[in-house]
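Participant: Right, I'll just put the structure down here and ask away after.
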Amino acid sequence: MRCLCALVLVLAAASASPGSAAGDLERGRELTTQLLSGELSKVWPALAPPLQTALGGPDGFAAFRQRLDRQLGDELRVTEESSTRDGDLTVYTRMSEFERSSTTVRTVWTLDASGTAHGLSIRPAPARAAGPAPSRHLDRATRTPLRLPFEGEWTVVWGGRTVEENYHAGTLDQRFALDLLVTVDGATHAGEPGSNANHYCWDRPVLAPGAGLVVAAEDGIRDNTPGETNRRKPPGNHVVLDHLNGEYSFLAHLQRGSVRVRAGEDVKAGAPLGLCGNSGNSSEPHLHYHLQDTPEFGAGEGLPAFFRNYLADGTPVESGEPVRGQQVRPAPGS
């Protein structure tokens with residue numbers, strides 16, 4: 001997951017009479033302008049209490065704004081704006097070009113009818129592909145009996161077969177990849193977002209999704225400070241499993257010093273591999289997973305990864321592909 005300095009928190013707002021579309025657009029524009037110009041005393045009262053808490057209070061909010069300035073610089077131009085309704089909430093989206101960013105940045109506010117902000121996300125906009133990468137494997141059945149590579153409930157940040165729900169879908173090798181992290185009341189962290197340890201998925205055990213042979217294991221790459229990335233070592237600390245049937249699992253961005261397996265070892269499904277970290281091309285703690293047909297990162301074709309016996313938003317799934325926005329966890333007894 002490649003993000004600059006992002007916080008995502010979306011909570012249900014109390015029902016209220018909707019405002020006008022023009023008013024919704026103007027409110028989102030006002031908050032963004034105030035945030036980017038440093039008028040935090042005007043923005044802070046407009047944030048819902050859970051969002052204020054997730055930002056780490058006024059001091060955490062000020063630090064958040066300082067990181068934006070260091071990473072992005074001045075906003076040069078707005079290339080696109082929109083305002084859409086999602087139940088009782090309004091989602092304001094703004095695409096901008098910034099002085100220090102080589103990619104377009106997407107700012108998203110989630111607002112209730114009174115103009116109070118319940119969510120904020122600032123991150124690079126996914127590259128707009130004409131469509132998903134071509135694949136010979138769209139109808140392929142997964143051979144390996146896969147389980148989710150963790151215990152407890154995780155959130156699917158990127159997942160699915162379209163580029164809108166999964167930016168990985170535009171690449172051949174990661175055509176069906178997933179990015180996952182842990183949220184609590186919609187927030188990815190508690191306290192200061194610049195500390196890896198404050199992110200809920202940090203230090204969570206990452207497990208083997210299926211039985212196999214370890215063909216690669218990297219453990220020596222330092223974890224990034226949230227907001228930074230290491231593009232020289234994209235997978236960071238990682239494990240690659242050969243399931244001995246033409247399928248290879250890739251689990252990336254693990255915590256330095258946590259990887260418990262080495263190349264040549266046999267592992268069973270559910271065996272501990274390491275801990276969730278923030279190494280490689282990752283700007284906040286999360287787990288990347290994908291299945292492909294070769295053991296070499298970046299060289300091969302992605303394969304559909306159907307997991308067995310899990311819950312998606314509380315609903316039992318016998319076999320399925322998690323998609324963006326779902327809360328997923330292994331089914332009891334699986």
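As shown in the structure tokens, the chain order sets the letters A, B, ...; within each chain, residues go from 1, and ligands are also counted from 1 in the order they appear.
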Please report, as a ChimeraX atom specification, each residue of stretch 47-278 of chain A to which DSSP assigns strand (DSSP E) when run on this structure's backbone.
Facilitator: /A:75-86,89-98,105-111,117-124,154-158,178-181,205-207,212-218,237-242,248-254,266-267,272-275
Participant: Export, as an mmCIF file, in the first residue's frame, the selected residues with C-alpha atoms.
Facilitator:
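Wrote it out as again.cif, contents follow:
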data_model
loop_
_atom_site.group_PDB
_atom_site.id
_atom_site.type_symbol
_atom_site.label_atom_id
_atom_site.label_comp_id
_atom_site.auth_asym_id
_atom_site.auth_seq_id
_atom_site.Cartn_x
_atom_site.Cartn_y
_atom_site.Cartn_z
ATOM 1 C CA GLU A 75 -0.639 22.415 -4.025
ATOM 2 C CA LEU A 76 0.010 23.522 -7.604
ATOM 3 C CA ARG A 77 -3.355 22.839 -9.218
ATOM 4 C CA VAL A 78 -6.630 20.982 -8.721
ATOM 5 C CA THR A 79 -7.295 18.628 -11.629
ATOM 6 C CA GLU A 80 -10.643 17.166 -10.540
ATOM 7 C CA GLU A 81 -13.292 17.535 -7.829
ATOM 8 C CA SER A 82 -16.436 15.585 -7.050
ATOM 9 C CA SER A 83 -19.010 15.114 -4.319
ATOM 10 C CA THR A 84 -21.086 11.949 -3.990
ATOM 11 C CA ARG A 85 -23.561 10.589 -1.439
ATOM 12 C CA ASP A 86 -23.066 7.374 0.553
ATOM 13 C CA LEU A 89 -22.657 10.733 4.436
ATOM 14 C CA THR A 90 -21.118 12.773 1.644
ATOM 15 C CA VAL A 91 -17.760 11.856 0.106
ATOM 16 C CA TYR A 92 -15.767 14.803 -1.257
ATOM 17 C CA THR A 93 -12.865 13.825 -3.541
ATOM 18 C CA ARG A 94 -10.169 16.144 -4.852
ATOM 19 C CA MET A 95 -7.352 15.298 -7.282
ATOM 20 C CA SER A 96 -4.369 17.648 -7.085
ATOM 21 C CA GLU A 97 -0.820 18.089 -8.285
ATOM 22 C CA PHE A 98 1.734 19.077 -5.639
ATOM 23 C CA VAL A 105 -2.664 13.116 -4.933
ATOM 24 C CA ARG A 106 -6.227 12.209 -3.946
ATOM 25 C CA THR A 107 -7.775 13.901 -0.905
ATOM 26 C CA VAL A 108 -11.030 12.442 0.396
ATOM 27 C CA TRP A 109 -13.247 13.864 3.134
ATOM 28 C CA THR A 110 -16.263 11.979 4.526
ATOM 29 C CA LEU A 111 -18.800 14.495 5.824
ATOM 30 C CA ALA A 117 -15.769 15.443 9.023
ATOM 31 C CA HIS A 118 -15.867 11.760 9.968
ATOM 32 C CA GLY A 119 -13.080 10.626 7.658
ATOM 33 C CA LEU A 120 -9.945 11.949 5.943
ATOM 34 C CA SER A 121 -7.616 10.246 3.487
ATOM 35 C CA ILE A 122 -4.667 11.772 1.629
ATOM 36 C CA ARG A 123 -2.718 9.433 -0.628
ATOM 37 C CA PRO A 124 -1.404 9.036 -4.184
ATOM 38 C CA TRP A 154 -8.419 -7.625 9.186
ATOM 39 C CA THR A 155 -9.612 -5.023 6.669
ATOM 40 C CA VAL A 156 -9.110 -5.449 2.922
ATOM 41 C CA VAL A 157 -7.653 -2.115 1.751
ATOM 42 C CA TRP A 158 -7.064 -3.221 -1.841
ATOM 43 C CA LEU A 178 -4.419 -8.117 -1.633
ATOM 44 C CA ASP A 179 -3.355 -5.419 0.827
ATOM 45 C CA LEU A 180 -4.674 -5.889 4.355
ATOM 46 C CA LEU A 181 -4.427 -4.135 7.699
ATOM 47 C CA PRO A 205 1.565 -12.656 13.423
ATOM 48 C CA VAL A 206 1.586 -13.494 9.713
ATOM 49 C CA LEU A 207 0.864 -17.162 9.011
ATOM 50 C CA GLY A 212 4.665 -25.568 1.154
ATOM 51 C CA LEU A 213 8.393 -25.176 0.810
ATOM 52 C CA VAL A 214 10.048 -21.870 1.680
ATOM 53 C CA VAL A 215 11.932 -20.781 -1.449
ATOM 54 C CA ALA A 216 12.816 -17.246 -0.308
ATOM 55 C CA ALA A 217 12.949 -15.433 3.016
ATOM 56 C CA GLU A 218 14.307 -11.907 3.575
ATOM 57 C CA ASN A 237 11.139 -8.430 4.322
ATOM 58 C CA HIS A 238 9.135 -11.240 2.791
ATOM 59 C CA VAL A 239 8.512 -14.943 2.438
ATOM 60 C CA VAL A 240 7.808 -16.899 -0.761
ATOM 61 C CA LEU A 241 6.212 -20.335 -0.475
ATOM 62 C CA ASP A 242 6.219 -23.012 -3.167
ATOM 63 C CA TYR A 248 3.646 -19.618 -5.175
ATOM 64 C CA SER A 249 2.511 -17.414 -2.280
ATOM 65 C CA PHE A 250 4.165 -14.025 -1.687
ATOM 66 C CA LEU A 251 3.828 -12.370 1.744
ATOM 67 C CA ALA A 252 5.523 -8.970 1.879
ATOM 68 C CA HIS A 253 6.387 -5.943 4.073
ATOM 69 C CA LEU A 254 7.169 -8.026 7.163
ATOM 70 C CA ASP A 266 8.831 -27.123 4.891
ATOM 71 C CA VAL A 267 5.911 -25.387 6.595
ATOM 72 C CA PRO A 272 4.076 -18.584 11.890
ATOM 73 C CA LEU A 273 6.184 -16.864 9.229
ATOM 74 C CA GLY A 274 6.875 -13.471 10.800
ATOM 75 C CA LEU A 275 5.200 -10.301 12.022
#
Participant: Go through A:Arg136, A:Arg231, A:His290, A:Arg256 and flag the residue nearest A:Asp173, using only C-alpha atoms for the distances.
Facilitator: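 Comparing A:Arg136, A:Arg231, A:His290, A:Arg256 against A:Asp173, the winner is A:His290.
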Participant: Go ahead and compute the interatomic distance for atom CA of A:Ala141 and atom CA of A:Gly325, in Å to one decimal.
Facilitator: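 Computing it gives 23.5 Å between the two atoms.
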Participant: Name all residues at most 12 Å from A:Ala187 (count only C-alpha atoms; drop same-chain ones fewer than 3 positions away) and give them as a PyMOL selection string.
Facilitator: chain A and resi 6-11+50-56+118-121+154-155+181-184+190-193+198-201
Participant: How would the residues just chosen look if you wrote them out with C-alpha atoms as a short mmCIF file (atom, residue, chain, number, x, y, z; two decimals), in the first residue's frame?
Facilitator:
data_model
loop_
_atom_site.label_atom_id
_atom_site.label_comp_id
_atom_site.auth_asym_id
_atom_site.auth_seq_id
_atom_site.Cartn_x
_atom_site.Cartn_y
_atom_site.Cartn_z
CA ALA A 6 -2.97 9.16 5.38
CA LEU A 7 -5.66 8.60 7.92
CA VAL A 8 -8.83 6.74 7.05
CA LEU A 9 -11.74 6.79 9.48
CA VAL A 10 -15.33 6.38 8.30
CA LEU A 11 -18.12 6.12 10.85
CA PRO A 50 -13.36 9.93 16.96
CA LEU A 51 -11.41 11.51 14.11
CA GLN A 52 -9.77 13.94 16.52
CA THR A 53 -8.78 11.02 18.73
CA ALA A 54 -7.41 9.01 15.81
CA LEU A 55 -5.27 12.00 14.79
CA GLY A 56 -3.68 12.07 18.23
CA HIS A 118 -15.87 11.76 9.97
CA GLY A 119 -13.08 10.63 7.66
CA LEU A 120 -9.95 11.95 5.94
CA SER A 121 -7.62 10.25 3.49
CA TRP A 154 -8.42 -7.63 9.19
CA THR A 155 -9.61 -5.02 6.67
CA LEU A 181 -4.43 -4.13 7.70
CA VAL A 182 -6.32 -3.92 10.99
CA THR A 183 -8.82 -1.21 11.85
CA VAL A 184 -10.56 -0.36 15.12
CA ALA A 190 -4.21 4.97 17.79
CA GLY A 191 -2.26 8.07 18.76
CA GLU A 192 0.50 9.48 16.59
CA PRO A 193 0.29 7.95 13.05
CA ASN A 198 0.70 2.77 16.99
CA HIS A 199 -0.74 0.95 13.98
CA TYR A 200 -3.09 -1.85 14.95
CA CYS A 201 -1.64 -4.42 12.53
#
Participant: Would you please give, as a list in words, all residues of stretch 98-325 of chain A that DSSP assigns to helix (DSSP H, G or I) based on the backbone?
Facilitator: Tyr167, His168, Ala169, Gly170, Asn196, Ala197 and Asn198 of chain A
Participant: Between atom CA of A:Val328 and atom CA of A:Tyr310, what is the spacing in Å?
Facilitator: 6.9 Å
Participant: Which distance in Å separates atom CA of A:Thr103 and atom CA of A:Leu47, to one decimal?
Facilitator: 27.4 Å
Participant: Using only C-alpha atoms, determine which residues lie at most 6 Å from A:Asn230, disregarding the query and same-chain residues fewer than 3 positions distant; provide the list as a list in words.
Facilitator: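 The neighbour list is Lys233, Gly280 and Asn281 of chain A.
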Participant: Between A:Ala331, A:Ala305, A:Ala113, A:Cys276, single out the one closest to A:Ala197, counting only C-alpha atoms.
Facilitator: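 Smallest separation from A:Ala197 among the options: A:Cys276.
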Participant: Which residues are close to A:Glu151, i.e. within 8 Å by only C-alpha atoms, leaving aside same-chain residues fewer than 3 positions away? Reply as a VMD selection string.
Facilitator: chain A and resid 148 205 329 to 330
Participant: Could you give me, as a list in words, the residues within 7 Å of A:Ala133, counting only C-alpha atoms and dropping anything in the same chain fewer than 2 positions from it?
Facilitator: Gly131, Ser135, Ala169, Gly170, Thr171, Leu172 and Arg175 of chain A
Participant: Include C-alpha atoms and write out the residues we just selected as a JSON list (two decimals), in the first residue's frame.
Facilitator:
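Heads up, here's the output in again_13.json:
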[["chain", "number", "residue", "atom", "x", "y", "z"],
["A", 131, "GLY", "CA", -8.54, -1.77, -17.42],
["A", 135, "SER", "CA", -4.97, -12.78, -17.63],
["A", 169, "ALA", "CA", -5.19, -5.50, -10.94],
["A", 170, "GLY", "CA", -3.43, -3.36, -13.51],
["A", 171, "THR", "CA", -0.21, -5.41, -13.21],
["A", 172, "LEU", "CA", 0.37, -8.88, -14.62],
["A", 175, "ARG", "CA", -3.25, -9.26, -10.90]]
Participant: Which of these, A:Ala208, A:Gly298, A:Gln292, A:Pro235, has the shortest distance to A:Gly220 once you count only C-alpha atoms?
Facilitator: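 Among the listed residues, A:Pro235 lies closest to A:Gly220.
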